[in-house]
Amino acid sequence: MSKPITELTVVRKEQLTPGMVRIHFSGDLAAFAGSDFTDRYVKLVFGDPAELETGGRPTLRTYTALSPDVAAGTLAIDFVVHGDEGVAGPWAASAEPGDTIPVRGPGGAYAPDPAADWHLLAGDEAAIPAIRQALAALPSDAQGYVVLQVDAASYQQEVAAPAGVELTWLHRSDPAHPSLSEAVRALPWREGRVHAFVHGEGQAVMREIRPYLLKERAVPRDDVSVSAYWKQGRTEETFREWKSALAAEESTA
Ligand SMILES: Cc1cc2nc3c(=O)[nH]c(=O)nc-3n(C[C@H](O)[C@H](O)[C@H](O)COP(=O)(O)OP(=O)(O)OC[C@H]3O[C@@H](n4cnc5c(N)ncnc54)[C@H](O)[C@@H]3O)c2cc1C
């Protein structure tokens, strides 16, 4: 059955960093009741949402729902503003209080397992909202690493982590900083069962970090939440084709 569609209204906007805006929305969030995944997301519908029921194809963009409060009817979304290209980034950059957007959802699949011995959370800006929520859900004595990649120091955000979870920021613009996958590979591997959440740009996440965790480190598939959130040089539509090609390649490997 397809997920419910609701309309969100922009209440307020905050510039979090030069490359990210947080939009606070109000709406009927009944569909979020009972959903405890920390990576809960919605599909923003650019076009007529009625088309979703009639086989049409309005433009969809996927965003993590931050702090959905069903009783208050509020949630926030942190949007990467990545220039003039695309649909959702530019929409967020120019959104004003009172603007509305239909959304479908929520989806989601991950929450950190409190029984894991340690946690590995890694991603770029697009994954910071989901990683922020995962960190907030960890027990205070949780152990592990969080590795976040942004353009430069001025693009860092306040991210709270339990004391035992070591936070590393990587800056793309600094040649002295490793890439996301290099940084993950360089982390001292710990004893015991890891629960991993790794999302962001497709090449880094699916081609580099995923094989490292699943093949080289032999982490069980169920203990790794890994997916591409976006793909350099591709809109979400052509990015879906890339994901299908990758899945087909893996099924014949
Ligand atoms: C489950 C899930 C949760 C997500 N949560 C968030 C979230 O909370 N916040 C968020 O900002 N994104 C999030 N994303 C990623 C977001 O859906 C994509 O970045 C999406 O492509 C943005 O749509 P757009 O219309 O702005 O750009 P598109 O039309 O898809 O792409 C236009 C151009 O912009 C480039 N581009 C797209 N995204 C980025 C980016 N992040 N950085 C640099 N260049 C980019 C593309 O490569 C392309 O060249 C999530 C994705 C998934 C699958």
# chains A, B, ... in the order shown; residues from 1 in each chain; ligands from 1
call {"tool": "residues_near_ligand", "arguments": {"ligand": "ligand 1", "cutoff": "6 Å", "atoms": "only C-alpha atoms and all ligand atoms", "output": "list in words"}}
result
Tyr41, Arg61, Thr62, Tyr63, Thr64, Ile77, Asp78, Phe79, Val80, His82, Glu85, Gly86, Val87, Ala88, Gly89, Ala126, Ala127, Pro129, Tyr229, Trp230, Lys231, Gln232, Gly233, Arg234, Thr235 and Glu236 of chain A
call {"tool": "write_last_selection", "arguments": {"atoms": "C-alpha atoms", "output": "compact mmCIF listing (two decimals), in the first residue's frame"}}
result
# COMPACT_ATOMS: atom_id res chain seq x y z
CA TYR A 41 12.38 10.24 5.91
CA ARG A 61 12.97 14.26 -3.38
CA THR A 62 13.85 12.40 -0.17
CA TYR A 63 14.63 14.16 3.15
CA THR A 64 15.17 13.07 6.75
CA ILE A 77 14.15 19.29 7.68
CA ASP A 78 17.80 20.28 7.20
CA PHE A 79 18.39 20.91 3.48
CA VAL A 80 21.81 20.98 1.85
CA HIS A 82 24.10 22.90 -3.20
CA GLU A 85 20.85 23.01 -9.76
CA GLY A 86 18.06 20.67 -8.78
CA VAL A 87 14.60 21.08 -7.35
CA ALA A 88 14.60 20.63 -3.57
CA GLY A 89 17.81 22.52 -2.74
CA ALA A 126 22.99 14.96 3.55
CA ALA A 127 23.33 12.30 6.23
CA PRO A 129 20.34 14.96 10.05
CA TYR A 229 21.69 9.49 -0.45
CA TRP A 230 22.77 11.33 -3.60
CA LYS A 231 25.24 11.00 -6.48
CA GLN A 232 27.72 13.58 -7.67
CA GLY A 233 26.73 14.86 -11.12
CA ARG A 234 23.33 13.12 -11.18
CA THR A 235 19.85 14.36 -10.35
CA GLU A 236 17.75 12.05 -8.23
call {"tool": "atom_distance", "arguments": {"atom1": "CA of Gly164 in chain A", "atom2": "CA of Leu120 in chain A"}}
result
11.8 Å
call {"tool": "residues_around", "arguments": {"residues": "Phe37 in chain A", "least_positions_apart": "5", "cutoff": "10 Å", "atoms": "only C-alpha atoms", "output": "list in words"}}
result
Pro106, Gly107, Gly108, Ala109, Tyr110, Ala111, Pro112, Ala130, Gln133, Ala134 and Ala137 of chain A
call {"tool": "atom_distance", "arguments": {"atom1": "CA of Thr38 in chain A", "atom2": "CA of Tyr145 in chain A"}}
result
17.1 Å
call {"tool": "select_by_dssp", "arguments": {"residues": "range 34-249 of chain A", "states": "strand (DSSP E or B)", "output": "ChimeraX atom specification"}}
result
/A:41-46,59-64,66-69,74-80,100-107,118-124,144-150,165-171,194-201,224-231,234
call {"tool": "residues_around", "arguments": {"residues": "Asp113 in chain A", "least_positions_apart": "3", "cutoff": "10 Å", "atoms": "only C-alpha atoms", "output": "PyMOL selection string"}}
result
chain A and resi 110+116-119+134+137-139+194-196+223
call {"tool": "closest_atom_pairs", "arguments": {"of": "range 81-147 of chain A", "to": "range 15-24 of chain A", "cutoff": "8 Å", "atoms": "only C-alpha atoms", "output": "Markdown table"}}
result
| residue | atom | partner | partner_atom | distance |
| --- | --- | --- | --- | --- |
| A:Val81 | CA | A:Gly19 | CA | 5.2 |
| A:His82 | CA | A:Gly19 | CA | 6.8 |
| A:Ala92 | CA | A:Val21 | CA | 7.2 |
| A:Ala93 | CA | A:Val21 | CA | 7.2 |
call {"tool": "closest_residue", "arguments": {"among": "A:Val198, A:Glu158, A:Gly105, A:Pro114", "to": "Leu214 in chain A", "atoms": "only C-alpha atoms"}}
result
A:Val198
call {"tool": "atom_distance", "arguments": {"atom1": "CA of His177 in chain A", "atom2": "CA of Arg132 in chain A"}}
result
22.0 Å
